[in-house]
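Report on the structure given below.
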Amino acid sequence: QVQLVESGGGLVQAGGSLRLSCAASTSISKFFTMAWFRQAPGKQRELVAASPITGSPKYADSVKGRFTISRDNDKNMVYLQMNSLKPEDTAVYYCNANENTIDFWGQGSQVTVSS
């Protein structure tokens with residue numbers, strides 16, 4: 001069973017920065033994609049950023065230019081650097097690992113951006 005553990009969330013003022021980390025219990029090199037999703041209260045879970053095993057990262061339009069996803073395959077870690085945070089970025093952020101038709105999820109990390 002794959003375990004993903006997020007950390008780094010918290011409360012920040014608008015315009016501030018946070019970095020989320022995701023630690024995987026297994027090699028992330030075998031996953032097609034490592035990604036970050038988020039879910040705000042009353043809304044559906046949405047893709048924020050994805051790092052495929054080959055190719056360029058993908059970002060939601062709402063975070064382009066502000067968020068950066070990165071991965072360290074040697075340490076089995078995935079990161080989400082979030083800059084210029086806005087109140088609308090407030091959500092629970094989830095780490096995701098995709099292995100063909102199987103998805104693994106972390107428990108989530110709360111990010112709250114105050115205005």
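In the structure tokens, each chain is lettered A, B, ... as it comes, each chain's residues begin at 1, and ligands are numbered from 1 in order of appearance.
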
Residues within 7 Å of Met82 in chain A, only C-alpha atoms, excluding chain neighbours under 3 positions, as number ranges by chain:
A: 17-19, 66-68, 85

Using only C-alpha atoms, determine which residues lie at most 6 Å from range 20-28 of chain A, disregarding the query and same-chain residues fewer than 5 positions distant; provide the list as a PyMOL selection string.
chain A and resi 2-8+76-80

Selection export as a short mmCIF file (atom, residue, chain, number, x, y, z; two decimals), in the first residue's frame, atoms kept: N, CA and C atoms:
```
data_model
loop_
_atom_site.label_atom_id
_atom_site.label_comp_id
_atom_site.auth_asym_id
_atom_site.auth_seq_id
_atom_site.Cartn_x
_atom_site.Cartn_y
_atom_site.Cartn_z
N VAL A 2 0.61 2.15 -0.90
CA VAL A 2 1.37 3.38 -0.99
C VAL A 2 0.83 4.39 0.01
N GLN A 3 1.73 5.02 0.73
CA GLN A 3 1.34 6.09 1.65
C GLN A 3 1.94 7.41 1.18
N LEU A 4 1.10 8.42 1.19
CA LEU A 4 1.52 9.78 0.85
C LEU A 4 1.21 10.68 2.03
N VAL A 5 2.20 11.42 2.49
CA VAL A 5 2.02 12.26 3.67
C VAL A 5 2.39 13.70 3.31
N GLU A 6 1.37 14.57 3.40
CA GLU A 6 1.60 15.98 3.10
C GLU A 6 2.01 16.74 4.35
N SER A 7 2.74 17.81 4.14
CA SER A 7 3.10 18.71 5.23
C SER A 7 3.35 20.10 4.65
N GLY A 8 3.36 21.10 5.54
CA GLY A 8 3.71 22.45 5.10
C GLY A 8 2.55 23.41 4.98
N ASN A 76 12.02 10.55 -3.01
CA ASN A 76 10.59 10.20 -3.07
C ASN A 76 9.73 11.32 -2.50
N MET A 77 10.03 12.53 -2.93
CA MET A 77 9.33 13.71 -2.45
C MET A 77 8.76 14.52 -3.62
N VAL A 78 7.65 15.15 -3.37
CA VAL A 78 7.04 16.07 -4.32
C VAL A 78 6.73 17.36 -3.56
N TYR A 79 6.93 18.47 -4.23
CA TYR A 79 6.75 19.76 -3.58
C TYR A 79 5.81 20.64 -4.39
N LEU A 80 5.17 21.56 -3.70
CA LEU A 80 4.37 22.59 -4.36
C LEU A 80 4.74 23.92 -3.73
#
```

Listing only residues of range 13-37 of chain A within 8 Å of range 94-108 of chain A, what is the closest atom pair and its distance in Å (to one decimal) for each, using only C-alpha atoms, sorted by chain and residue number ascending, as JSON lines?
```
{"residue": "A:Cys22", "atom": "CA", "partner": "A:Cys95", "partner_atom": "CA", "distance": 6.3}
{"residue": "A:Ile28", "atom": "CA", "partner": "A:Ala97", "partner_atom": "CA", "distance": 7.8}
{"residue": "A:Lys30", "atom": "CA", "partner": "A:Glu99", "partner_atom": "CA", "distance": 7.3}
{"residue": "A:Phe31", "atom": "CA", "partner": "A:Glu99", "partner_atom": "CA", "distance": 4.8}
{"residue": "A:Phe32", "atom": "CA", "partner": "A:Glu99", "partner_atom": "CA", "distance": 5.6}
{"residue": "A:Thr33", "atom": "CA", "partner": "A:Asn98", "partner_atom": "CA", "distance": 5.3}
{"residue": "A:Met34", "atom": "CA", "partner": "A:Ala97", "partner_atom": "CA", "distance": 4.7}
{"residue": "A:Ala35", "atom": "CA", "partner": "A:Asn96", "partner_atom": "CA", "distance": 5.0}
{"residue": "A:Trp36", "atom": "CA", "partner": "A:Cys95", "partner_atom": "CA", "distance": 4.8}
{"residue": "A:Phe37", "atom": "CA", "partner": "A:Tyr94", "partner_atom": "CA", "distance": 5.1}
```

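Of the residues listed (A:Asp61, A:Glu88, A:Asp72, A:Glu46), A:Asp72 shows the shortest atom-to-atom separation from Ser29 in chain A; distances use only C-alpha atoms.
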
As an exercise, work out the distance from CA of Arg38 in chain A to CA of Ser115 in chain A in Å and give it to one decimal place.
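Between CA of Arg38 in chain A and CA of Ser115 in chain A the gap works out to 19.2 Å.
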
Name the closest residue to Ser109 in chain A among the candidates A:Val92, A:Ala40, A:Leu47, A:Leu11; distances are taken between atoms, counting only C-alpha atoms.
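Among the listed residues, A:Val92 lies closest to Ser109 in chain A.
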
Residues of chain A classed as strand (DSSP E) by DSSP on the backbone are to be reported as a PyMOL selection string.
chain A and resi 4-7+10-13+18-24+33-39+46-52+58-59+67-72+77-82+91-99+102-105+109-114

For the selection you just gave me, I'd like the residues written to a file as an mmCIF file, in the first residue's frame, keeping C-alpha atoms.
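File produced: part00.cif:
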```
data_model
loop_
_atom_site.group_PDB
_atom_site.id
_atom_site.type_symbol
_atom_site.label_atom_id
_atom_site.label_comp_id
_atom_site.auth_asym_id
_atom_site.auth_seq_id
_atom_site.Cartn_x
_atom_site.Cartn_y
_atom_site.Cartn_z
ATOM 1 C CA LEU A 4 1.524 9.782 0.847
ATOM 2 C CA VAL A 5 2.016 12.262 3.671
ATOM 3 C CA GLU A 6 1.596 15.980 3.099
ATOM 4 C CA SER A 7 3.095 18.714 5.232
ATOM 5 C CA GLY A 10 -0.948 26.595 7.434
ATOM 6 C CA LEU A 11 -2.271 30.123 7.681
ATOM 7 C CA VAL A 12 -0.727 32.876 5.596
ATOM 8 C CA GLN A 13 -1.675 36.398 4.594
ATOM 9 C CA LEU A 18 3.991 28.443 1.434
ATOM 10 C CA ARG A 19 5.684 25.261 0.332
ATOM 11 C CA LEU A 20 3.849 21.966 0.565
ATOM 12 C CA SER A 21 5.756 18.714 0.737
ATOM 13 C CA CYS A 22 4.584 15.190 -0.005
ATOM 14 C CA ALA A 23 6.561 12.217 1.232
ATOM 15 C CA ALA A 24 5.896 8.886 -0.493
ATOM 16 C CA THR A 33 2.134 11.374 -12.633
ATOM 17 C CA MET A 34 2.610 13.029 -9.279
ATOM 18 C CA ALA A 35 0.161 15.826 -8.689
ATOM 19 C CA TRP A 36 -1.427 18.233 -6.266
ATOM 20 C CA PHE A 37 -5.174 18.672 -6.033
ATOM 21 C CA ARG A 38 -7.204 20.930 -3.805
ATOM 22 C CA GLN A 39 -10.725 21.050 -2.477
ATOM 23 C CA GLU A 46 -9.642 20.161 -8.657
ATOM 24 C CA LEU A 47 -6.233 19.613 -10.184
ATOM 25 C CA VAL A 48 -3.711 22.284 -9.222
ATOM 26 C CA ALA A 49 -0.470 21.002 -10.729
ATOM 27 C CA ALA A 50 0.838 17.777 -12.189
ATOM 28 C CA SER A 51 4.330 16.477 -12.804
ATOM 29 C CA PRO A 52 4.392 13.656 -15.356
ATOM 30 C CA LYS A 58 0.890 21.154 -16.067
ATOM 31 C CA TYR A 59 -0.906 23.815 -14.066
ATOM 32 C CA PHE A 67 2.743 27.868 -8.168
ATOM 33 C CA THR A 68 5.560 25.512 -9.041
ATOM 34 C CA ILE A 69 5.513 21.737 -8.728
ATOM 35 C CA SER A 70 8.751 19.827 -8.396
ATOM 36 C CA ARG A 71 9.799 16.300 -7.571
ATOM 37 C CA ASP A 72 12.877 14.662 -6.103
ATOM 38 C CA MET A 77 9.328 13.713 -2.446
ATOM 39 C CA VAL A 78 7.041 16.068 -4.319
ATOM 40 C CA TYR A 79 6.751 19.764 -3.582
ATOM 41 C CA LEU A 80 4.371 22.588 -4.361
ATOM 42 C CA GLN A 81 5.821 26.065 -4.018
ATOM 43 C CA MET A 82 2.982 28.555 -3.727
ATOM 44 C CA ALA A 91 -8.472 24.772 0.463
ATOM 45 C CA VAL A 92 -7.307 21.366 1.591
ATOM 46 C CA TYR A 93 -4.430 20.341 -0.646
ATOM 47 C CA TYR A 94 -3.956 16.682 -1.522
ATOM 48 C CA CYS A 95 -0.961 14.881 -2.904
ATOM 49 C CA ASN A 96 -1.796 12.363 -5.627
ATOM 50 C CA ALA A 97 0.133 9.552 -7.275
ATOM 51 C CA ASN A 98 -1.250 8.009 -10.442
ATOM 52 C CA GLU A 99 -0.241 4.541 -11.569
ATOM 53 C CA ILE A 102 -4.923 3.504 -9.813
ATOM 54 C CA ASP A 103 -4.802 6.692 -7.776
ATOM 55 C CA PHE A 104 -3.246 7.075 -4.354
ATOM 56 C CA TRP A 105 -4.040 10.022 -2.089
ATOM 57 C CA SER A 109 -3.063 19.613 4.253
ATOM 58 C CA GLN A 110 -5.062 22.738 5.046
ATOM 59 C CA VAL A 111 -3.973 25.997 3.463
ATOM 60 C CA THR A 112 -5.750 29.142 4.616
ATOM 61 C CA VAL A 113 -5.047 32.512 3.042
ATOM 62 C CA SER A 114 -6.358 35.537 4.908
#
```

Select from range 9-97 of chain A everything DSSP, run on the backbone, classes as helix (DSSP H, G or I), then give the selection as a ChimeraX atom specification.
/A:28-30,87-89

Given the selection you just returned, output its residues as a file containing N, CA and C atoms, formatted as an mmCIF file, in the first residue's frame.
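Once written, again03.cif looks like this:
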```
data_model
loop_
_atom_site.group_PDB
_atom_site.id
_atom_site.type_symbol
_atom_site.label_atom_id
_atom_site.label_comp_id
_atom_site.auth_asym_id
_atom_site.auth_seq_id
_atom_site.Cartn_x
_atom_site.Cartn_y
_atom_site.Cartn_z
ATOM 1 N N ILE A 28 8.738 7.061 -6.268
ATOM 2 C CA ILE A 28 7.762 7.777 -7.090
ATOM 3 C C ILE A 28 8.091 7.673 -8.569
ATOM 4 N N SER A 29 9.216 7.072 -8.877
ATOM 5 C CA SER A 29 9.612 6.944 -10.281
ATOM 6 C C SER A 29 8.670 6.037 -11.057
ATOM 7 N N LYS A 30 7.944 5.160 -10.357
ATOM 8 C CA LYS A 30 7.058 4.220 -11.048
ATOM 9 C C LYS A 30 5.704 4.830 -11.393
ATOM 10 N N PRO A 87 -6.761 34.714 -1.243
ATOM 11 C CA PRO A 87 -7.782 34.065 -0.402
ATOM 12 C C PRO A 87 -8.489 32.915 -1.113
ATOM 13 N N GLU A 88 -8.651 33.012 -2.419
ATOM 14 C CA GLU A 88 -9.320 31.937 -3.162
ATOM 15 C C GLU A 88 -8.472 30.683 -3.289
ATOM 16 N N ASP A 89 -7.223 30.726 -2.847
ATOM 17 C CA ASP A 89 -6.395 29.526 -2.806
ATOM 18 C C ASP A 89 -6.657 28.699 -1.548
#
```

Work out how far CA of Gln44 in chain A is from CA of Gly15 in chain A, in Å to one decimal.
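One can read the CA of Gly15 in chain A to CA of Gln44 in chain A distance as 24.5 Å.
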